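Quick notes on the structure that follows.
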Amino acid sequence: MKFQRKLIAPAFSHQSVKSMTPIFIQKAQQLCDRWDALVPNHFTLTDSYPFEPPPAYNVVAMEADMFKGVTIDVAQWISRASFDVIGLAGFDYKFQALDDESEQVYRAYRQMFDIADKGPRLRGVLELYFPIIRKLWPNEGTKVTNESLRIIDAAGRKLVAAKKASVMGESSKQESRQKDVLSLLIKANLSNDPSKQLSDKELLDQCSTFLLAGSDSVSLALSWCFHFLSLNPQVQNRLRDEIFSVASTVPSLVADDDLFIPITPDTKHFRESATPPPTYRSATHQSIYDFWNQIEAAPYLDAVARETLRLCSPVHSTIRVATADDQIPVSHPVVLQDGTVVEKGGSISIRKGSYIHIPIEGLNLSTDIWGSDAMEFK
């Protein structure tokens with residue numbers, strides 16, 4: 001509904017998202033620390049040699065012995081980090097998924113994700129048209145989902161009640177110290193026309209949507225991005241250089257040491273052209289916001305992110321329901337189920353209540369739109 005979108009919009013304004021930057025930085029650093037701890041042997045630091053370094057994949061191959069037996073599930077770890085980020089930024093809730101995976105609400109969401117990862121199959125399609133199937137003949141997946149939703153609902157109700165009490169207890173003249181999405185939603189909700197306010201249940205449903213849609217989509221996008229960068233070392237090096245050059249312009253984010261990576265198991269090494277990742281622990285919030293502003297303006301980072309999302313969109317497709325009879329124009333001839341051909345420039349009639357499937361992945365990989373190299377990361 002329009003009033004719901006209007007109510008939610010302030011929580012996702014540029015300024016609101018920017019205020020969450022310290023959380024993003026903190027969790028990114030914590031993730032790096034956890035990965036660091038998983039790798040027992042670090043690269044040796046020695047003098048550089050005056051020759052061009054080999055491709056990054058050769059470096060990895062020749063140094064494989066140093067990491068034999070060490071496997072890091074990048075996608076799983078990024079998923080844990082994204083849960084922590086959205087928990088803090090969205091609800092000021094600590095899932096602590098990067099520490100361990102024992103928190104009850106996190107485990108409930110994780111179980112639902114595991115079920116969703118198996119795909120809808122035939123039953124899922126039938127449930128879309130006949131939702132009553134879930135109640136009459138619940139399968140194991142339905143039972144697990146229902147129990148997970150019960151846990152999430154109980155925790156969510158307590159959280160919404162506590163947040164509402166906190167927001168209402170603030171003075172109207174004092175600036176709110178609570179910047180999480182839930183607090184902003186509650187504040188906007190309380191100042192809204194009473195007839196258009198969201199109920200506690202609706203607030204909770206909105207937050208659950210943010211968490212479900214946000215955490216998994218972010219982790220999938222970042223995991224694919226890392227994968228593409230590993231396959232394209234020249235892109236990886238150029239992106240690293242851009243990010244570190246941005247960091248070097250913010251004084252409290254600059255690290256002192258240079259980064260060396262060995263190219264063989266013996267004493268020959270080369271020096272990377274980029275500077276090492278900056279250390280954020282001692283950075284001020286202002287320096288982090290300055291860093292955010294420059295990262296936002298980094299053109300190559302933007303291009304890499306957009307190309308990743310084009311090739312591997314976290315959301316493959318979506319479904320919409322027509323709220324009125326309408327006509328969908330076509331850009332090329334389409335053969336309907338009854339054999340009728342709708343020519344280019346014509347339109348397909350749809351009725352109110354019809355499901356419209358939007359193939360995001362199909363559009364992103366269309367050679368008609370992107371050219372013959374649509375399947376390439378470039």
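Ligands are numbered from 1 in the order shown, residues from 1 within each chain, and chains are lettered A, B, ... in the order they appear in the structure tokens.
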TODO: For range 343-349 of chain A, work out the shell of residues within 6 Å, counting only C-alpha atoms and skipping chain neighbours fewer than 4 positions away, then give it as a ChimeraX atom specification.
DONE: /A:327-333
Filtering to N, CA and C atoms, could you give me those residues as a PDB file, in the first residue's frame?
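The resulting file, selection02.pdb, is shown below:
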```pdb
ATOM      1  N   GLN A 327      -3.095  -4.491 -20.422  1.00  0.00           N
ATOM      2  CA  GLN A 327      -2.469  -4.943 -21.660  1.00  0.00           C
ATOM      3  C   GLN A 327      -0.951  -4.860 -21.494  1.00  0.00           C
ATOM      4  N   ILE A 328      -0.230  -5.946 -21.832  1.00  0.00           N
ATOM      5  CA  ILE A 328       1.224  -5.950 -21.765  1.00  0.00           C
ATOM      6  C   ILE A 328       1.769  -5.856 -23.185  1.00  0.00           C
ATOM      7  N   PRO A 329       2.452  -4.762 -23.515  1.00  0.00           N
ATOM      8  CA  PRO A 329       3.003  -4.608 -24.881  1.00  0.00           C
ATOM      9  C   PRO A 329       4.173  -5.574 -25.095  1.00  0.00           C
ATOM     10  N   VAL A 330       4.358  -6.033 -26.338  1.00  0.00           N
ATOM     11  CA  VAL A 330       5.456  -6.950 -26.648  1.00  0.00           C
ATOM     12  C   VAL A 330       6.390  -6.309 -27.674  1.00  0.00           C
ATOM     13  N   SER A 331       7.706  -6.604 -27.530  1.00  0.00           N
ATOM     14  CA  SER A 331       8.703  -6.003 -28.419  1.00  0.00           C
ATOM     15  C   SER A 331       9.094  -6.931 -29.557  1.00  0.00           C
ATOM     16  N   HIS A 332       8.561  -8.159 -29.537  1.00  0.00           N
ATOM     17  CA  HIS A 332       8.823  -9.113 -30.621  1.00  0.00           C
ATOM     18  C   HIS A 332       7.639 -10.078 -30.692  1.00  0.00           C
ATOM     19  N   PRO A 333       7.471 -10.802 -31.780  1.00  0.00           N
ATOM     20  CA  PRO A 333       6.332 -11.706 -31.912  1.00  0.00           C
ATOM     21  C   PRO A 333       6.289 -12.758 -30.802  1.00  0.00           C
TER      22      PRO A 333
END
```
Counting only C-alpha atoms, give me one row per residue of range 134-213 of chain A with an atom at most 9 Å from an atom of range 80-98 of chain A, showing the shortest contact pair and its distance in Å to one decimal, sorted by chain then residue number, as a Markdown table.
```
| residue | atom | partner | partner_atom | distance |
| --- | --- | --- | --- | --- |
| A:Leu159 | CA | A:Phe91 | CA | 8.1 |
| A:Val160 | CA | A:Phe91 | CA | 8.9 |
| A:Lys163 | CA | A:Phe91 | CA | 8.7 |
| A:Gln178 | CA | A:Asp92 | CA | 8.4 |
| A:Lys179 | CA | A:Ala89 | CA | 7.6 |
| A:Asp180 | CA | A:Ala89 | CA | 4.9 |
| A:Val181 | CA | A:Gly90 | CA | 4.5 |
| A:Leu182 | CA | A:Phe91 | CA | 5.2 |
| A:Ser183 | CA | A:Phe91 | CA | 7.3 |
| A:Cys207 | CA | A:Gly90 | CA | 7.5 |
| A:Phe210 | CA | A:Gly90 | CA | 7.8 |
| A:Leu211 | CA | A:Ile86 | CA | 6.5 |
```
TODO: Please provide as a ChimeraX atom specification all residues within 10 Å of Lys18 in chain A, with the sequence filter that same-chain residues fewer than 6 positions apart are discarded (counting only C-alpha atoms).
DONE: /A:12,24,288-289,292-293
Could those residues be written to a file, using N, CA and C atoms, as a PDB file, in the first residue's frame?
```
ATOM      1  N   PHE A  12      14.965   4.088   5.033  1.00  0.00           N
ATOM      2  CA  PHE A  12      15.922   3.670   4.011  1.00  0.00           C
ATOM      3  C   PHE A  12      16.433   4.861   3.201  1.00  0.00           C
ATOM      4  N   PHE A  24      28.560  -1.641   9.521  1.00  0.00           N
ATOM      5  CA  PHE A  24      29.102  -2.378   8.372  1.00  0.00           C
ATOM      6  C   PHE A  24      30.602  -2.599   8.537  1.00  0.00           C
ATOM      7  N   ILE A 288      34.992   7.369   9.260  1.00  0.00           N
ATOM      8  CA  ILE A 288      34.277   6.267   8.611  1.00  0.00           C
ATOM      9  C   ILE A 288      33.239   6.817   7.637  1.00  0.00           C
ATOM     10  N   TYR A 289      32.548   7.904   8.019  1.00  0.00           N
ATOM     11  CA  TYR A 289      31.577   8.509   7.114  1.00  0.00           C
ATOM     12  C   TYR A 289      32.276   9.109   5.890  1.00  0.00           C
ATOM     13  N   TRP A 292      32.939   6.261   3.658  1.00  0.00           N
ATOM     14  CA  TRP A 292      31.699   5.862   2.997  1.00  0.00           C
ATOM     15  C   TRP A 292      31.422   6.754   1.787  1.00  0.00           C
ATOM     16  N   ASN A 293      31.570   8.075   1.975  1.00  0.00           N
ATOM     17  CA  ASN A 293      31.297   9.000   0.884  1.00  0.00           C
ATOM     18  C   ASN A 293      32.181   8.720  -0.329  1.00  0.00           C
TER      19      ASN A 293
END
```
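Within the 8 Å cut-off around Tyr109 in chain A, using only C-alpha atoms and omitting residues fewer than 6 positions from it on the same chain, the listed residues are A:Ser148, A:Ile152, A:Leu212.
The closest residue to Ala11 in chain A, picked from A:Ala188, A:Ile133, A:Val342, A:Leu229 and counting only C-alpha atoms, is A:Ala188.
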- [ ] Between CA of Trp224 in chain A and CA of Ala116 in chain A, measure the distance and give it in Å to one decimal.
- [x] 18.8 Å
- [ ] Name the closest residue to Ala213 in chain A among the candidates A:Val334, A:Asp326, A:Pro314, A:Asp33; distances are taken between atoms, counting only C-alpha atoms.
- [x] A:Pro314
Task: Separation of CA of Lys164 in chain A from CA of Lys187 in chain A in Å - done: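 Separation of CA of Lys187 in chain A and CA of Lys164 in chain A: 8.1 Å.
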Open item on the list: Please determine, counting only C-alpha atoms, which residue among A:Ser102, A:Ser208, A:Ser166, A:Thr367 has the shortest atom-to-atom distance to Leu149 in chain A.
Closed with: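 Distance minimum relative to Leu149 in chain A lands on A:Ser208.
Residue nearest Arg306 in chain A, chosen from A:Leu38, A:Leu31, A:Leu222, A:Leu190 and counting only C-alpha atoms: A:Leu222.
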Task: DSSP-assigned alpha helix (DSSP H) among range 180-217 of chain A, expressed as JSON, numbers by chain - done: {"A": [181, 182, 183, 184, 185, 186, 187, 188, 189, 190, 200, 201, 202, 203, 204, 205, 206, 207, 208, 209, 210, 211, 212, 213, 214, 215, 216, 217]}
